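Source file: upload-v5.cif (mmCIF, C-alpha atoms)
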data_input
#
loop_
_atom_site.label_atom_id
_atom_site.label_comp_id
_atom_site.auth_asym_id
_atom_site.auth_seq_id
_atom_site.Cartn_x
_atom_site.Cartn_y
_atom_site.Cartn_z
CA MET A 229 0.00 0.00 0.00
CA HIS A 230 1.07 3.53 -0.62
CA ALA A 231 0.35 7.01 0.68
CA ALA A 232 1.88 10.42 0.53
CA GLU A 233 4.28 11.49 3.26
CA ASN A 234 3.42 14.79 4.86
CA THR A 235 4.13 16.29 8.24
CA GLY A 236 1.10 18.60 8.31
CA ASP A 237 -2.06 18.00 10.30
CA ASN A 238 -4.42 18.09 7.32
CA TRP A 239 -3.32 16.20 4.25
CA MET A 240 -4.88 13.74 1.93
CA LYS A 241 -4.19 10.14 2.83
CA PHE A 242 -5.27 7.78 0.08
CA TYR A 243 -3.95 4.26 0.44
CA ILE A 244 -4.66 1.67 -2.25
CA GLY A 245 -3.94 -2.01 -1.75
CA SER A 246 -5.30 -5.45 -2.38
CA VAL A 247 -5.97 -8.84 -0.92
CA LEU A 248 -5.24 -11.43 -3.61
CA GLY A 249 -7.22 -14.66 -3.32
CA GLY A 250 -4.35 -16.83 -4.48
CA PRO A 251 -0.82 -16.83 -5.86
CA GLU A 252 -2.13 -17.21 -9.40
CA ILE A 253 -3.43 -13.62 -9.25
CA SER A 254 0.05 -12.18 -8.75
CA ARG A 255 1.31 -10.28 -11.82
CA THR A 256 -2.01 -10.67 -13.67
CA PRO A 257 -3.58 -7.60 -15.32
CA ILE A 258 -5.66 -6.87 -12.21
CA ASP A 259 -2.66 -7.06 -9.86
CA THR A 260 -0.58 -4.96 -12.23
CA PHE A 261 -3.30 -2.33 -12.62
CA ILE A 262 -3.91 -2.00 -8.87
CA SER A 263 -0.16 -1.51 -8.35
CA ARG A 264 -0.05 1.06 -11.15
CA VAL A 265 -2.96 3.00 -9.61
CA ALA A 266 -1.33 2.91 -6.17
CA ARG A 267 1.93 4.30 -7.57
CA ALA A 268 0.09 6.98 -9.56
CA SER A 269 -1.87 7.96 -6.43
CA LEU A 270 1.33 8.38 -4.45
CA ALA A 271 2.90 10.47 -7.21
CA TYR A 272 -0.20 12.69 -7.42
CA GLN A 273 -0.30 13.23 -3.67
CA GLU A 274 3.40 14.10 -3.57
CA SER A 275 3.10 16.65 -6.37
CA HIS A 276 -0.17 18.41 -5.44
CA ASP A 277 -0.98 20.69 -2.55
CA ILE A 278 -4.09 18.96 -1.27
CA SER A 279 -5.62 18.49 2.14
CA SER A 280 -8.30 16.48 3.86
CA ALA A 281 -8.30 15.51 7.52
CA GLY A 282 -10.13 12.27 6.73
CA GLY A 283 -8.16 9.55 4.96
CA LEU A 284 -9.17 6.50 2.96
CA ASP A 285 -7.59 3.07 2.90
CA ILE A 286 -8.97 1.30 -0.17
CA VAL A 287 -8.55 -2.47 -0.28
CA TYR A 288 -9.55 -4.43 -3.37
CA HIS A 289 -10.49 -8.05 -2.60
CA VAL A 290 -9.61 -10.11 -5.66
CA PRO A 291 -11.00 -13.66 -5.85
CA GLY A 292 -8.62 -16.53 -6.43
CA GLY A 293 -8.13 -20.22 -5.87
CA ILE A 294 -7.64 -19.90 -2.10
CA LEU A 295 -9.83 -16.97 -1.03
CA GLN A 296 -13.07 -15.51 -2.31
CA PRO A 297 -14.50 -12.22 -1.03
CA GLU A 298 -17.26 -12.85 1.51
CA PHE A 299 -19.24 -9.86 0.22
CA GLU A 300 -20.27 -8.16 -3.02
CA GLY A 301 -19.78 -4.54 -3.94
CA LEU A 302 -18.30 -2.13 -1.41
CA ARG A 303 -18.34 -2.07 2.34
CA THR A 304 -16.84 -0.02 5.09
CA ALA A 305 -14.46 -1.85 7.36
CA LYS A 306 -12.24 -0.41 10.07
CA PHE A 307 -12.76 3.22 11.06
CA SER A 308 -10.29 4.99 13.33
CA LYS A 309 -11.46 8.33 14.65
CA LYS A 310 -8.05 8.81 16.28
CA ASP A 311 -6.20 8.28 12.97
CA ARG A 312 -9.05 9.85 10.96
CA MET A 313 -8.89 6.87 8.61
CA LEU A 314 -11.64 4.76 7.04
CA MET A 315 -11.00 1.46 5.31
CA VAL A 316 -13.29 0.68 2.39
CA GLN A 317 -13.19 -2.82 0.95
CA ILE A 318 -14.12 -3.47 -2.68
CA SER A 319 -15.07 -6.93 -3.88
CA VAL A 320 -13.81 -7.47 -7.43
CA PRO A 321 -16.03 -9.67 -9.64
CA THR A 322 -14.40 -12.64 -11.34
CA LEU A 323 -15.30 -11.95 -14.97
CA PHE A 324 -14.83 -8.92 -17.20
CA ASP A 325 -15.30 -8.70 -20.96
CA ASN A 326 -11.85 -7.19 -21.37
CA GLU A 327 -9.05 -5.41 -19.54
CA ARG A 328 -10.57 -1.99 -20.21
CA HIS A 329 -13.81 -2.98 -18.44
CA LEU A 330 -11.78 -4.23 -15.48
CA GLU A 331 -9.84 -0.96 -15.26
CA ASN A 332 -13.03 1.08 -15.54
CA PHE A 333 -14.60 -0.97 -12.72
CA LEU A 334 -11.61 -0.44 -10.44
CA VAL A 335 -11.54 3.33 -11.01
CA GLU A 336 -15.32 3.71 -10.72
CA SER A 337 -15.18 1.76 -7.45
CA LEU A 338 -12.80 4.40 -6.08
CA ARG A 339 -15.42 7.06 -6.79
CA ASP A 340 -18.07 4.92 -5.08
CA ALA A 341 -15.80 4.46 -2.05
CA ILE A 342 -15.40 8.24 -1.73
CA GLN A 343 -19.18 8.71 -1.76
CA LEU A 344 -19.58 5.92 0.81
CA ALA A 345 -17.10 7.68 3.12
CA LYS A 346 -18.80 11.09 3.16
CA PRO A 347 -21.51 10.39 5.77
CA ILE A 348 -19.10 8.47 8.02
CA PHE A 349 -16.67 11.37 8.28
CA LYS A 350 -19.54 13.82 8.67
CA ALA A 351 -21.01 11.81 11.57
CA ALA A 352 -17.56 11.68 13.19
CA GLU A 353 -17.14 15.45 12.66
CA ILE A 354 -13.94 14.94 10.70
CA SER A 355 -13.19 17.22 7.77
CA PHE A 356 -13.37 15.23 4.53
CA SER A 357 -12.97 16.66 1.05
CA PRO A 358 -14.65 14.36 -1.47
CA GLU A 359 -13.97 16.90 -4.23
CA GLU A 360 -10.21 16.61 -3.71
CA TYR A 361 -10.39 12.82 -3.69
CA LEU A 362 -12.50 12.83 -6.84
CA ARG A 363 -9.96 15.10 -8.58
CA LEU A 364 -7.27 12.61 -7.62
CA VAL A 365 -9.33 9.73 -9.08
CA ASP A 366 -9.89 11.74 -12.28
CA ALA A 367 -6.13 12.17 -12.56
CA LEU A 368 -5.57 8.45 -11.90
CA GLU A 369 -8.07 7.56 -14.59
CA THR A 370 -6.30 9.81 -17.09
CA THR A 371 -2.85 8.42 -16.34
CA THR A 372 -3.54 4.72 -15.75
CA ILE A 373 -6.39 3.48 -17.97
CA SER A 374 -5.19 1.61 -21.05
CA ARG A 375 -6.01 3.42 -24.26
#
Can you present the structure in this file as C-alpha cells?
Amino acid sequence: MHAAENTGDNWMKFYIGSVLGGPEISRTPIDTFISRVARASLAYQESHDISSAGGLDIVYHVPGGILQPEFEGLRTAKFSKKDRMLMVQISVPTLFDNERHLENFLVESLRDAIQLAKPIFKAAEISFSPEEYLRLVDALETTTISR
C-alpha cells in the first residue's frame, strides 16, 4: 500500500492495496493495474498541494483459488477516529469482458468508495474533502487506464 508522506495535520491520505485470493493472481492484469494505480496515487499526492483531515484506505479483494470475497460490492471496514482513517473494501467480480472494463470498474469503485465515506466522516465530525479525492481519481483515470 502507498500514501503520501506529509508532516502537516491536514493532508490527503489515500492508500490503495489489495488482498489477492491466491498466488495465481500475482502479476495478472488486475494485480498490475492495482499496483499502477497505487503508484500513480502516491505520485499525485506528492506533487499536489491537497488536504483532507479524513483519509481512505482502499482495499480491493480479488478472488482466487484460495480466497473468495465474503461480500459483493463495497463495504466499510475499520474506522479509526483517532487516525481519521476509514478502510473501504471493494469486492472485485471474477469476470470482465476485457481489460478496459476491469480498469473502468476499479476506477469507478474508487469514486463509489469516496461517496460511501462522506456520511461516516460527517457523523464523526472529521473534515473530509470528497472533491479533492475525486480530482485525484480523475487524474488516476487519465494516467492509468489503457487506451
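Shortest atom-to-atom contact with A:Val287 among A:Thr370, A:Thr304, A:Thr260, A:Ser254: A:Thr304, counting all atoms listed in the file.
Distances to A:His276 were evaluated for A:Leu295, A:Leu330, A:Ala367, A:Val335 using all atoms listed in the file, and the minimum falls at A:Ala367.
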Report task. Report the residues retrieved by the PyMOL selection byres ((chain A and resi 299) around 10) from the displayed file, expressed as a count of residues only. Result -> 12
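Ranking A:Val247, A:Glu252, A:Tyr288, A:Val316 by their shortest atom-to-atom distance to A:Gln343, with only C-alpha atoms included, puts A:Val316 first.
Counting only C-alpha atoms and comparing A:Asn326, A:Ser337, A:Ser275, A:Thr372, the residue that lies closest to A:Ser263 is A:Thr372.
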Report summary line: Separating atom CA of A:Ala268 from atom CA of A:Gly292, to the nearest tenth of an Å, is a gap of 25.3 Å
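Counting from atom CA of A:Leu344, the distance to atom CA of A:Glu327 is 25.6 Å.
Residue nearest A:Tyr243, chosen from A:Asp277, A:Phe261, A:Met315, A:Lys306 and counting all atoms listed in the file: A:Met315.
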Once 6 Å is added on each side, what centre and edge lengths in Å to one decimal does the axis-aligned box around all listed atoms of stretch 300-307 of chain A have, as lines of an AutoDock Vina configuration file?
center_x = -16.3
center_y = -2.5
center_z = 3.6
size_x = 20.0
size_y = 23.4
size_z = 27.0
Report summary line: Of A:Ile354, A:Ala341, A:Val265, A:Leu362, the one sitting nearest A:Asp285 when using only C-alpha atoms is A:Ala341
Query raised in the report: Which residues match the PyMOL selection byres ((chain A and resi 308) around 12) in the file above, as number ranges by chain?
Result: A: 282-285, 304-307, 309-315, 348-349, 352, 354
Query raised in the report: Which residues fall under the PyMOL selection byres ((chain A and resi 364) around 12) in this file, as a PyMOL selection string?
Result: chain A and resi 240-242+265-266+268-279+335+338-339+342+357-363+365-372
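We find atom CA of A:Ile262 and atom CA of A:Gly245 to be spaced 7.1 Å apart.
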